[in-house]
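A short worksheet on the structure shown next.
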2 protein chains.
Amino acid sequence: MNDALQPLNLKEERRLQLLDAATELLAKRPTASLAEIAEHTRISKATLHRYFASRDALLTALAVRALALVSAALADCRLSEGAAPAALRRLIEALIPLGDKFYFLLNEHLWNVHPDLVAAEQATEVPIMQLIQRGQAEGSLRADLPVAWIMYTLEFTVFAAWQAIYDGNIARRDAAHLVLESLLGGIIAKA
Amino acid sequence: MNDALQPLNLKEERRLQLLDAATELLAKRPTASLAEIAEHTRISKATLHRYFASRDALLTALAVRALALVSAALADCRLSEGAAPAALRRLIEALIPLGDKFYFLLNEHLWNVHPDLVAAEQATEVPIMQLIQRGQAEGSLRADLPVAWIMYTLEFTVFAAWQAIYDGNIARRDAAHLVLESLLGGIIAKA
DNA sequence: CTCATATGAGATAAAATAGTCTCAAATGAG
DNA sequence: CTCATTTGAGACTATTTTATCTCATATGAG
(Lines give C-alpha, C1' and ligand atoms only; values in the text may rest on other atoms or scores of the structure.)
Protein backbone atom coordinates (compact mmCIF):
# COMPACT_ATOMS: atom_id res chain seq x y z
CA MET A 1 0.00 0.00 0.00
CA ASN A 2 3.03 2.26 0.32
CA ASP A 3 3.34 1.96 -3.44
CA ALA A 4 1.19 5.05 -3.55
CA LEU A 5 4.09 7.03 -2.11
CA GLN A 6 6.90 5.93 -4.44
CA PRO A 7 8.61 8.18 -6.89
CA LEU A 8 6.58 8.27 -10.04
CA ASN A 9 6.83 8.80 -13.73
CA LEU A 10 5.17 11.78 -15.24
CA LYS A 11 1.97 10.08 -16.24
CA GLU A 12 1.45 8.61 -12.81
CA GLU A 13 2.19 12.01 -11.32
CA ARG A 14 -0.50 13.51 -13.48
CA ARG A 15 -2.92 10.76 -12.55
CA LEU A 16 -2.46 11.55 -8.88
CA GLN A 17 -2.96 15.24 -9.49
CA LEU A 18 -6.25 14.46 -11.18
CA LEU A 19 -7.20 12.11 -8.38
CA ASP A 20 -6.47 14.72 -5.74
CA ALA A 21 -8.52 17.34 -7.55
CA ALA A 22 -11.37 14.87 -7.85
CA THR A 23 -11.11 14.14 -4.14
CA GLU A 24 -11.47 17.81 -3.29
CA LEU A 25 -14.60 18.16 -5.35
CA LEU A 26 -16.12 14.94 -4.03
CA ALA A 27 -15.47 16.05 -0.46
CA LYS A 28 -17.42 19.22 -1.14
CA ARG A 29 -20.01 17.65 -3.39
CA PRO A 30 -20.37 13.86 -3.08
CA THR A 31 -23.05 13.85 -5.76
CA ALA A 32 -20.80 15.32 -8.45
CA SER A 33 -21.13 13.49 -11.76
CA LEU A 34 -18.13 12.33 -13.77
CA ALA A 35 -18.82 15.19 -16.18
CA GLU A 36 -18.56 17.62 -13.26
CA ILE A 37 -15.41 15.95 -12.01
CA ALA A 38 -13.89 16.24 -15.48
CA GLU A 39 -14.78 19.91 -15.59
CA HIS A 40 -13.36 20.52 -12.11
CA THR A 41 -10.10 18.79 -13.02
CA ARG A 42 -9.95 20.70 -16.31
CA ILE A 43 -9.87 17.66 -18.54
CA SER A 44 -12.34 16.10 -20.90
CA LYS A 45 -14.58 13.24 -19.93
CA ALA A 46 -12.73 10.98 -22.34
CA THR A 47 -9.42 11.73 -20.64
CA LEU A 48 -10.90 11.14 -17.21
CA HIS A 49 -11.97 7.72 -18.43
CA ARG A 50 -8.48 7.08 -19.76
CA TYR A 51 -7.09 7.61 -16.30
CA PHE A 52 -9.89 5.92 -14.39
CA ALA A 53 -11.82 3.29 -16.27
CA SER A 54 -15.03 3.80 -14.32
CA ARG A 55 -16.52 5.76 -11.45
CA ASP A 56 -15.85 2.77 -9.27
CA ALA A 57 -12.21 2.70 -10.34
CA LEU A 58 -11.90 6.39 -9.46
CA LEU A 59 -13.47 5.90 -6.04
CA THR A 60 -11.30 2.87 -5.37
CA ALA A 61 -8.16 4.77 -6.31
CA LEU A 62 -9.31 7.59 -4.06
CA ALA A 63 -9.83 5.26 -1.12
CA VAL A 64 -6.53 3.49 -1.61
CA ARG A 65 -4.65 6.76 -1.85
CA ALA A 66 -6.43 8.29 1.12
CA LEU A 67 -5.62 5.25 3.19
CA ALA A 68 -2.00 5.28 2.14
CA LEU A 69 -1.51 8.98 2.84
CA VAL A 70 -3.33 8.98 6.16
CA SER A 71 -1.57 5.82 7.29
CA ALA A 72 1.80 7.29 6.35
CA ALA A 73 0.99 10.53 8.14
CA LEU A 74 0.00 8.61 11.24
CA ALA A 75 3.21 6.63 11.16
CA ASP A 76 5.27 9.79 10.69
CA CYS A 77 3.59 11.33 13.73
CA ARG A 78 4.86 8.61 16.07
CA LEU A 79 1.75 9.03 18.18
CA SER A 80 3.01 6.71 20.88
CA GLU A 81 6.06 8.90 21.54
CA GLY A 82 6.23 11.90 23.81
CA ALA A 83 3.49 13.63 25.78
CA ALA A 84 -0.03 13.19 24.48
CA PRO A 85 -0.73 16.90 23.82
CA ALA A 86 2.44 17.19 21.76
CA ALA A 87 1.56 14.05 19.83
CA LEU A 88 -1.90 15.44 19.25
CA ARG A 89 -0.38 18.57 17.84
CA ARG A 90 1.72 16.58 15.41
CA LEU A 91 -1.37 14.60 14.42
CA ILE A 92 -3.49 17.65 13.73
CA GLU A 93 -0.77 19.35 11.75
CA ALA A 94 -0.42 16.26 9.62
CA LEU A 95 -4.13 15.68 9.07
CA ILE A 96 -5.36 19.11 8.07
CA PRO A 97 -3.87 19.08 4.58
CA LEU A 98 -5.35 15.61 4.23
CA GLY A 99 -8.77 16.79 5.39
CA ASP A 100 -10.66 15.77 2.28
CA LYS A 101 -9.06 12.34 2.22
CA PHE A 102 -9.56 11.92 5.92
CA TYR A 103 -13.21 12.90 5.52
CA PHE A 104 -13.66 10.23 2.92
CA LEU A 105 -12.23 7.58 5.15
CA LEU A 106 -14.73 8.54 7.83
CA ASN A 107 -17.76 8.34 5.66
CA GLU A 108 -19.69 5.22 5.15
CA HIS A 109 -20.95 5.87 1.67
CA LEU A 110 -17.60 4.90 0.23
CA TRP A 111 -17.36 1.70 2.18
CA ASN A 112 -20.61 0.34 0.88
CA VAL A 113 -18.78 -0.11 -2.39
CA HIS A 114 -15.45 -1.18 -0.92
CA PRO A 115 -16.03 -3.22 2.20
CA ASP A 116 -12.66 -4.89 1.62
CA LEU A 117 -10.93 -1.70 2.71
CA VAL A 118 -12.92 -1.31 5.91
CA ALA A 119 -10.42 -3.17 8.09
CA ALA A 120 -7.59 -0.99 6.83
CA GLU A 121 -9.59 2.14 7.52
CA GLN A 122 -10.42 1.00 11.01
CA ALA A 123 -6.74 0.36 11.54
CA THR A 124 -6.09 4.08 10.99
CA GLU A 125 -8.37 4.87 13.91
CA VAL A 126 -6.53 2.67 16.39
CA PRO A 127 -3.42 4.81 16.97
CA ILE A 128 -5.60 7.91 17.38
CA MET A 129 -7.80 6.18 19.89
CA GLN A 130 -4.77 4.86 21.76
CA LEU A 131 -3.30 8.35 21.87
CA ILE A 132 -6.47 9.71 23.44
CA GLN A 133 -6.55 6.88 25.94
CA ARG A 134 -2.91 7.47 26.78
CA GLY A 135 -3.57 11.18 27.28
CA GLN A 136 -6.41 10.41 29.64
CA ALA A 137 -4.34 7.93 31.56
CA GLU A 138 -1.47 10.40 31.86
CA GLY A 139 -3.89 13.06 33.04
CA SER A 140 -3.18 15.46 30.18
CA LEU A 141 -6.50 14.91 28.40
CA ARG A 142 -9.84 15.08 30.14
CA ALA A 143 -11.05 11.71 31.33
CA ASP A 144 -14.64 12.91 31.78
CA LEU A 145 -15.21 13.01 28.02
CA PRO A 146 -15.63 9.59 26.37
CA VAL A 147 -12.81 8.57 24.02
CA ALA A 148 -15.33 8.03 21.24
CA TRP A 149 -16.59 11.58 21.62
CA ILE A 150 -13.09 13.05 21.61
CA MET A 151 -12.43 11.18 18.38
CA TYR A 152 -15.56 12.58 16.76
CA THR A 153 -14.80 16.11 17.76
CA LEU A 154 -11.18 15.79 16.64
CA GLU A 155 -12.13 14.34 13.27
CA PHE A 156 -14.84 16.86 12.56
CA THR A 157 -12.70 19.78 13.66
CA VAL A 158 -9.92 18.70 11.34
CA PHE A 159 -12.38 18.53 8.50
CA ALA A 160 -13.81 21.91 9.47
CA ALA A 161 -10.32 23.34 9.10
CA TRP A 162 -9.89 21.74 5.70
CA GLN A 163 -13.21 23.15 4.61
CA ALA A 164 -12.48 26.62 6.00
CA ILE A 165 -9.20 26.67 4.05
CA TYR A 166 -10.92 25.44 0.91
CA ASP A 167 -13.60 28.13 1.31
CA GLY A 168 -10.94 30.77 1.73
CA ASN A 169 -12.16 31.67 5.20
CA ILE A 170 -8.95 30.93 7.09
CA ALA A 171 -5.36 30.97 5.96
CA ARG A 172 -3.66 27.64 5.51
CA ARG A 173 -0.77 28.74 7.69
CA ASP A 174 -3.17 29.56 10.57
CA ALA A 175 -5.21 26.40 10.42
CA ALA A 176 -3.26 24.09 12.68
CA HIS A 177 -2.93 26.78 15.30
CA LEU A 178 -6.67 27.51 15.23
CA VAL A 179 -7.60 23.84 15.50
CA LEU A 180 -5.19 23.29 18.35
CA GLU A 181 -6.32 26.33 20.24
CA SER A 182 -10.04 25.71 19.91
CA LEU A 183 -9.94 21.95 20.27
CA LEU A 184 -7.46 21.76 23.11
CA GLY A 185 -8.28 24.94 24.97
CA GLY A 186 -11.89 25.55 24.00
CA ILE A 187 -13.46 28.81 22.96
CA ILE A 188 -14.21 30.23 26.37
CA ALA A 189 -11.90 33.03 27.38
CA LYS A 190 -9.63 32.23 30.29
CA ALA A 191 -10.36 34.17 33.48
CA MET B 1 -42.34 29.89 6.37
CA ASN B 2 -43.67 29.20 9.85
CA ASP B 3 -46.42 27.27 8.13
CA ALA B 4 -44.12 24.31 8.52
CA LEU B 5 -44.75 24.41 12.27
CA GLN B 6 -48.54 24.56 12.35
CA PRO B 7 -50.78 21.78 13.64
CA LEU B 8 -51.29 19.32 10.87
CA ASN B 9 -53.67 16.75 9.58
CA LEU B 10 -52.66 13.14 9.56
CA LYS B 11 -51.47 12.98 5.99
CA GLU B 12 -49.29 16.04 6.38
CA GLU B 13 -47.95 14.57 9.61
CA ARG B 14 -46.98 11.44 7.75
CA ARG B 15 -45.40 13.44 4.97
CA LEU B 16 -43.16 15.21 7.46
CA GLN B 17 -42.19 11.92 9.08
CA LEU B 18 -41.13 10.65 5.68
CA LEU B 19 -39.30 13.87 4.97
CA ASP B 20 -37.42 13.69 8.26
CA ALA B 21 -36.39 10.09 7.66
CA ALA B 22 -35.20 11.02 4.19
CA THR B 23 -33.22 13.91 5.66
CA GLU B 24 -31.42 11.56 8.03
CA LEU B 25 -30.40 9.25 5.24
CA LEU B 26 -29.32 12.08 2.96
CA ALA B 27 -27.21 13.58 5.72
CA LYS B 28 -25.38 10.29 6.02
CA ARG B 29 -25.41 9.45 2.35
CA PRO B 30 -25.98 12.38 0.00
CA THR B 31 -25.78 10.08 -3.01
CA ALA B 32 -28.71 7.93 -1.95
CA SER B 33 -31.09 7.21 -4.81
CA LEU B 34 -34.84 7.61 -4.52
CA ALA B 35 -35.10 3.84 -4.38
CA GLU B 36 -32.76 3.85 -1.38
CA ILE B 37 -34.68 6.67 0.24
CA ALA B 38 -37.91 4.75 -0.25
CA GLU B 39 -36.36 1.69 1.34
CA HIS B 40 -34.98 3.69 4.26
CA THR B 41 -38.35 5.29 4.91
CA ARG B 42 -40.07 1.90 4.63
CA ILE B 43 -42.38 2.84 1.79
CA SER B 44 -42.51 1.96 -1.86
CA LYS B 45 -41.08 4.13 -4.60
CA ALA B 46 -44.56 4.81 -5.87
CA THR B 47 -45.64 6.12 -2.47
CA LEU B 48 -42.55 8.28 -2.19
CA HIS B 49 -43.51 9.84 -5.49
CA ARG B 50 -47.04 10.37 -4.23
CA TYR B 51 -45.68 12.46 -1.39
CA PHE B 52 -42.90 14.19 -3.32
CA ALA B 53 -43.42 14.54 -7.03
CA SER B 54 -39.73 14.52 -7.87
CA ARG B 55 -36.29 14.40 -6.28
CA ASP B 56 -36.17 18.15 -6.65
CA ALA B 57 -39.50 18.49 -4.84
CA LEU B 58 -38.14 16.33 -2.01
CA LEU B 59 -34.96 18.37 -1.71
CA THR B 60 -36.92 21.59 -1.82
CA ALA B 61 -39.26 20.40 0.92
CA LEU B 62 -36.23 19.35 2.93
CA ALA B 63 -34.58 22.75 2.57
CA VAL B 64 -37.75 24.64 3.42
CA ARG B 65 -38.37 22.51 6.49
CA ALA B 66 -34.77 22.70 7.65
CA LEU B 67 -34.84 26.46 7.30
CA ALA B 68 -38.11 26.74 9.18
CA LEU B 69 -37.00 24.51 12.05
CA VAL B 70 -33.55 26.02 12.42
CA SER B 71 -34.94 29.56 12.19
CA ALA B 72 -37.56 28.78 14.82
CA ALA B 73 -34.95 27.19 17.07
CA LEU B 74 -32.76 30.27 16.73
CA ALA B 75 -35.65 32.55 17.56
CA ASP B 76 -36.57 30.44 20.59
CA CYS B 77 -33.01 30.68 21.86
CA ARG B 78 -33.12 34.46 22.14
CA LEU B 79 -29.42 34.63 21.36
CA SER B 80 -29.20 38.33 22.03
CA GLU B 81 -30.37 37.89 25.62
CA GLY B 82 -28.24 37.07 28.60
CA ALA B 83 -24.55 36.24 28.79
CA ALA B 84 -22.96 34.84 25.65
CA PRO B 85 -21.91 31.48 27.14
CA ALA B 86 -25.44 30.85 28.40
CA ALA B 87 -26.89 31.81 25.02
CA LEU B 88 -24.39 29.49 23.35
CA ARG B 89 -25.55 26.69 25.61
CA ARG B 90 -29.17 27.26 24.60
CA LEU B 91 -28.12 27.35 20.95
CA ILE B 92 -26.22 24.07 21.10
CA GLU B 93 -29.01 22.32 22.96
CA ALA B 94 -31.45 23.44 20.32
CA LEU B 95 -29.30 22.58 17.31
CA ILE B 96 -28.16 19.07 18.13
CA PRO B 97 -31.47 17.37 17.43
CA LEU B 98 -31.57 19.37 14.22
CA GLY B 99 -28.05 18.30 13.27
CA ASP B 100 -28.97 16.67 9.97
CA LYS B 101 -31.08 19.61 8.91
CA PHE B 102 -28.45 22.09 10.04
CA TYR B 103 -25.83 20.15 8.09
CA PHE B 104 -27.90 20.44 4.98
CA LEU B 105 -28.21 24.16 5.34
CA LEU B 106 -24.44 24.43 5.54
CA ASN B 107 -23.72 22.46 2.47
CA GLU B 108 -23.48 23.90 -0.94
CA HIS B 109 -24.65 20.94 -2.91
CA LEU B 110 -28.22 21.72 -2.00
CA TRP B 111 -28.00 25.38 -2.88
CA ASN B 112 -26.90 24.73 -6.42
CA VAL B 113 -30.44 23.59 -7.00
CA HIS B 114 -32.14 26.18 -4.82
CA PRO B 115 -30.28 29.46 -4.99
CA ASP B 116 -33.51 31.24 -4.08
CA LEU B 117 -33.19 29.96 -0.53
CA VAL B 118 -29.59 31.10 -0.08
CA ALA B 119 -30.47 34.47 1.42
CA ALA B 120 -32.74 32.81 3.99
CA GLU B 121 -30.01 30.35 4.89
CA GLN B 122 -27.47 33.10 5.31
CA ALA B 123 -29.94 34.88 7.55
CA THR B 124 -29.77 31.92 9.94
CA GLU B 125 -26.04 32.48 10.32
CA VAL B 126 -26.34 36.12 11.33
CA PRO B 127 -27.62 35.67 14.91
CA ILE B 128 -24.97 33.03 15.56
CA MET B 129 -22.23 35.27 14.27
CA GLN B 130 -23.55 38.18 16.30
CA LEU B 131 -23.60 36.02 19.40
CA ILE B 132 -19.94 35.11 18.93
CA GLN B 133 -19.02 38.72 18.31
CA ARG B 134 -20.94 39.74 21.42
CA GLY B 135 -19.15 37.09 23.48
CA GLN B 136 -15.81 38.33 22.26
CA ALA B 137 -16.72 41.93 22.99
CA GLU B 138 -17.92 40.98 26.48
CA GLY B 139 -14.70 39.07 27.07
CA SER B 140 -16.43 35.74 27.66
CA LEU B 141 -15.34 34.20 24.34
CA ARG B 142 -11.79 34.21 23.09
CA ALA B 143 -11.03 37.15 20.85
CA ASP B 144 -7.86 35.56 19.48
CA LEU B 145 -9.87 33.08 17.39
CA PRO B 146 -11.54 34.54 14.31
CA VAL B 147 -15.33 34.64 14.40
CA ALA B 148 -15.46 32.70 11.15
CA TRP B 149 -13.38 29.92 12.64
CA ILE B 150 -15.49 29.74 15.79
CA MET B 151 -18.55 29.39 13.58
CA TYR B 152 -16.98 26.52 11.65
CA THR B 153 -15.95 24.67 14.75
CA LEU B 154 -19.35 25.20 16.36
CA GLU B 155 -21.22 24.00 13.30
CA PHE B 156 -19.07 20.96 12.73
CA THR B 157 -19.11 19.99 16.39
CA VAL B 158 -22.90 20.14 16.45
CA PHE B 159 -23.00 17.90 13.43
CA ALA B 160 -20.45 15.56 14.99
CA ALA B 161 -22.81 15.18 17.94
CA TRP B 162 -25.75 14.45 15.68
CA GLN B 163 -23.68 11.85 13.87
CA ALA B 164 -22.39 10.28 17.06
CA ILE B 165 -25.98 9.93 18.32
CA TYR B 166 -27.11 8.49 14.99
CA ASP B 167 -24.21 6.01 15.05
CA GLY B 168 -25.15 4.99 18.57
CA ASN B 169 -21.79 6.08 19.95
CA ILE B 170 -23.07 8.61 22.45
CA ALA B 171 -26.36 8.88 24.26
CA ARG B 172 -28.76 11.54 23.15
CA ARG B 173 -29.12 12.77 26.70
CA ASP B 174 -25.33 13.28 26.99
CA ALA B 175 -24.80 15.02 23.70
CA ALA B 176 -25.36 18.64 24.63
CA HIS B 177 -23.20 18.29 27.70
CA LEU B 178 -20.37 16.72 25.70
CA VAL B 179 -20.49 19.39 23.01
CA LEU B 180 -20.53 22.16 25.56
CA GLU B 181 -17.69 20.72 27.55
CA SER B 182 -15.41 19.99 24.62
CA LEU B 183 -16.24 23.07 22.56
CA LEU B 184 -16.26 25.59 25.38
CA GLY B 185 -13.60 24.13 27.64
CA GLY B 186 -11.51 22.11 25.24
CA ILE B 187 -10.16 18.62 25.73
CA ILE B 188 -7.03 19.43 27.69
CA ALA B 189 -7.27 18.53 31.35
CA LYS B 190 -7.23 21.45 33.74
CA ALA B 191 -4.12 21.71 35.89
C1' DC C 1 11.66 20.25 -37.56
C1' DT C 2 9.47 15.06 -36.99
C1' DC C 3 6.84 11.85 -34.78
C1' DA C 4 4.84 9.39 -30.90
C1' DT C 5 1.65 10.19 -27.59
C1' DA C 6 -1.95 12.60 -25.22
C1' DT C 7 -6.06 15.09 -25.45
C1' DG C 8 -10.69 17.16 -26.56
C1' DA C 9 -15.06 17.26 -28.64
C1' DG C 10 -18.77 15.05 -29.62
C1' DA C 11 -21.44 11.10 -31.20
C1' DT C 12 -23.17 6.82 -29.62
C1' DA C 13 -24.50 2.91 -26.61
C1' DA C 14 -25.36 0.97 -22.14
C1' DA C 15 -26.70 1.33 -17.52
C1' DA C 16 -28.78 3.51 -13.73
C1' DT C 17 -31.98 6.53 -11.81
C1' DA C 18 -36.06 9.22 -11.98
C1' DG C 19 -40.67 9.30 -13.02
C1' DT C 20 -45.41 7.25 -14.43
C1' DC C 21 -48.99 4.10 -14.18
C1' DT C 22 -52.05 0.01 -13.12
C1' DC C 23 -54.33 -3.01 -10.23
C1' DA C 24 -54.71 -6.01 -6.34
C1' DA C 25 -54.20 -5.87 -1.52
C1' DA C 26 -53.99 -3.48 2.82
C1' DT C 27 -55.64 -0.14 5.95
C1' DG C 28 -58.61 2.52 8.71
C1' DA C 29 -62.94 4.95 9.77
C1' DG C 30 -67.68 4.42 10.73
C1' DC D 1 -69.05 -5.71 8.52
C1' DT D 2 -68.65 -2.01 4.28
C1' DC D 3 -66.33 1.17 1.69
C1' DA D 4 -63.17 4.96 0.72
C1' DT D 5 -58.55 5.66 0.65
C1' DT D 6 -53.82 4.40 0.72
C1' DT D 7 -50.22 1.49 -0.44
C1' DG D 8 -46.99 -1.87 -2.70
C1' DA D 9 -45.16 -4.33 -6.43
C1' DG D 10 -43.76 -4.24 -10.59
C1' DA D 11 -44.07 -3.07 -15.44
C1' DC D 12 -43.03 0.56 -18.28
C1' DT D 13 -41.22 5.15 -19.99
C1' DA D 14 -38.18 9.11 -19.77
C1' DT D 15 -34.05 11.18 -18.45
C1' DT D 16 -29.55 11.35 -16.80
C1' DT D 17 -25.22 9.41 -16.02
C1' DT D 18 -21.74 6.28 -17.19
C1' DA D 19 -19.01 4.28 -20.47
C1' DT D 20 -17.14 3.70 -25.28
C1' DC D 21 -15.27 5.21 -29.40
C1' DT D 22 -13.41 8.02 -33.39
C1' DC D 23 -10.65 11.34 -35.38
C1' DA D 24 -8.59 15.79 -35.63
C1' DT D 25 -5.68 18.59 -32.96
C1' DA D 26 -2.37 19.61 -29.42
C1' DT D 27 1.67 18.54 -26.92
C1' DG D 28 6.25 17.39 -25.83
C1' DA D 29 10.60 14.90 -26.50
C1' DG D 30 14.49 14.41 -29.37
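Chain identifiers are assigned as A, B, and so on, following the order in which chains appear in the C-alpha coordinates; residues are numbered from 1 within each chain, and ligands are numbered from 1 in order of appearance.
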| helix (DSSP H, G or I) per DSSP on the backbone: members of chain A, as a PyMOL selection string | chain A and resi 2-5+10-28+34-40+45-51+55-77+84-106+108-111+115-138+147-166+172-185
Quick one: which chain C residues come within 10 Å of chain B, and what is the nearest atom pair for each with the distance in Å to one decimal, counting only C-alpha atoms (C1' of nucleotides), rows ordered by chain and ascending number, as CSV?
residue,atom,partner,partner_atom,distance
C:DA16,C1',B:Ser33,CA,9.9
C:DT17,C1',B:Ser33,CA,7.1
C:DA18,C1',B:Ser54,CA,7.7
C:DG19,C1',B:Ser54,CA,7.4
C:DT20,C1',B:Ala46,CA,8.9
C:DC21,C1',B:Ala46,CA,9.4
Any chance you could tabulate, as CSV, the residues of chain A at most 8 Å from chain B with each one's nearest atom pair and distance in Å to one decimal, using only C-alpha atoms, in chain and rising number order?
residue,atom,partner,partner_atom,distance
A:Lys28,CA,B:His109,CA,7.6
A:Arg29,CA,B:His109,CA,5.7
A:Pro30,CA,B:Pro30,CA,6.6
A:Thr31,CA,B:Thr31,CA,5.4
A:Pro85,CA,B:Ile188,CA,7.8
A:Asn107,CA,B:Lys28,CA,7.9
A:Glu108,CA,B:Arg29,CA,7.6
A:His109,CA,B:Arg29,CA,5.8
A:Gly139,CA,B:Ala189,CA,6.7
A:Ser140,CA,B:Ala189,CA,5.2
A:Leu141,CA,B:Ile188,CA,4.6
A:Arg142,CA,B:Ala189,CA,4.5
A:Ala143,CA,B:Ala189,CA,7.8
A:Leu145,CA,B:Leu178,CA,6.8
A:Ala148,CA,B:Asn169,CA,6.9
A:Trp149,CA,B:Ile170,CA,7.2
A:Ile150,CA,B:Ile187,CA,7.5
A:Tyr152,CA,B:Ala160,CA,6.0
A:Thr153,CA,B:Thr157,CA,6.0
A:Phe156,CA,B:Phe156,CA,5.9
A:Thr157,CA,B:Thr153,CA,6.0
A:Ala160,CA,B:Tyr152,CA,6.0
A:Ala161,CA,B:Tyr152,CA,7.8
A:Ala164,CA,B:Tyr152,CA,7.2
A:Asn169,CA,B:Ala148,CA,6.9
A:Ile170,CA,B:Trp149,CA,7.2
A:Leu178,CA,B:Leu145,CA,6.8
A:Ser182,CA,B:Gly186,CA,6.6
A:Leu183,CA,B:Gly186,CA,5.2
A:Leu184,CA,B:Gly186,CA,4.6
A:Gly185,CA,B:Gly186,CA,4.3
A:Gly186,CA,B:Gly186,CA,3.7
A:Ile187,CA,B:Leu184,CA,4.9
A:Ile188,CA,B:Leu141,CA,4.6
A:Ala189,CA,B:Arg142,CA,4.5
A:Lys190,CA,B:Arg142,CA,7.8
| message | Please find the residues of chain D near chain B - the criterion being any atom within 10 Å, counting only C-alpha atoms (C1' of nucleotides) - and write them as number ranges by chain. | response | D: 6-9
| In Å, how far is it from atom CA of Gly99 of chain A to atom CA of Trp162 of chain A? | 5.1 Å
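Between atom CA of Glu24 of chain B and atom CA of Leu25 of chain A the interatomic distance comes to 22.5 Å.
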At a cut-off of 9 Å, using only C-alpha atoms (C1' of nucleotides), what residues contact Leu67 of chain A? Leave out same-chain residues fewer than 6 positions from it and give the result as a short mmCIF file (atom, residue, chain, number, x, y, z; two decimals) with all heavy atoms, in the first residue's frame.
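Written file, selection_0.cif:
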data_model
loop_
_atom_site.label_atom_id
_atom_site.label_comp_id
_atom_site.auth_asym_id
_atom_site.auth_seq_id
_atom_site.Cartn_x
_atom_site.Cartn_y
_atom_site.Cartn_z
N MET A 1 0.83 -1.20 0.00
CA MET A 1 0.00 0.00 0.00
C MET A 1 0.87 1.26 0.00
O MET A 1 0.41 2.33 -0.36
CB MET A 1 -0.95 0.00 1.19
CG MET A 1 -2.19 0.81 0.94
SD MET A 1 -3.42 0.59 2.22
CE MET A 1 -4.26 -0.90 1.67
N LYS A 101 -9.28 13.79 2.24
CA LYS A 101 -9.06 12.34 2.22
C LYS A 101 -9.50 11.69 3.52
O LYS A 101 -10.11 10.64 3.54
CB LYS A 101 -7.59 12.06 1.92
CG LYS A 101 -7.20 12.59 0.54
CD LYS A 101 -5.70 12.57 0.30
CE LYS A 101 -5.37 13.11 -1.07
NZ LYS A 101 -5.72 14.54 -1.25
N PHE A 102 -9.18 12.39 4.61
CA PHE A 102 -9.56 11.92 5.92
C PHE A 102 -11.08 11.84 6.02
O PHE A 102 -11.65 10.85 6.51
CB PHE A 102 -8.99 12.88 6.95
CG PHE A 102 -9.02 12.41 8.37
CD1 PHE A 102 -8.57 11.15 8.71
CD2 PHE A 102 -9.51 13.23 9.37
CE1 PHE A 102 -8.58 10.72 10.03
CE2 PHE A 102 -9.53 12.81 10.69
CZ PHE A 102 -9.06 11.55 11.01
N LEU A 105 -12.41 8.81 4.39
CA LEU A 105 -12.23 7.58 5.15
C LEU A 105 -13.26 7.44 6.25
O LEU A 105 -13.56 6.34 6.68
CB LEU A 105 -10.81 7.55 5.75
CG LEU A 105 -9.66 7.51 4.75
CD1 LEU A 105 -8.34 7.39 5.47
CD2 LEU A 105 -9.84 6.35 3.79
N LEU A 117 -11.88 -2.66 2.13
CA LEU A 117 -10.93 -1.70 2.71
C LEU A 117 -11.32 -1.27 4.12
O LEU A 117 -10.62 -0.47 4.73
CB LEU A 117 -10.82 -0.46 1.81
CG LEU A 117 -10.35 -0.70 0.38
CD1 LEU A 117 -10.31 0.61 -0.40
CD2 LEU A 117 -8.97 -1.36 0.37
N ALA A 120 -8.73 -1.90 6.91
CA ALA A 120 -7.59 -0.99 6.83
C ALA A 120 -7.95 0.39 7.34
O ALA A 120 -7.15 1.06 8.01
CB ALA A 120 -7.08 -0.91 5.39
N GLU A 121 -9.16 0.82 7.03
CA GLU A 121 -9.59 2.14 7.52
C GLU A 121 -9.70 2.12 9.04
O GLU A 121 -9.26 3.07 9.71
CB GLU A 121 -10.94 2.52 6.91
CG GLU A 121 -11.39 3.94 7.20
CD GLU A 121 -12.05 4.10 8.56
OE1 GLU A 121 -12.77 3.19 8.98
OE2 GLU A 121 -11.82 5.14 9.21
N THR A 124 -6.59 2.71 10.84
CA THR A 124 -6.09 4.08 10.99
C THR A 124 -6.65 4.73 12.25
O THR A 124 -6.06 5.68 12.77
CB THR A 124 -6.44 4.98 9.80
OG1 THR A 124 -7.86 5.16 9.74
CG2 THR A 124 -5.96 4.40 8.48
#
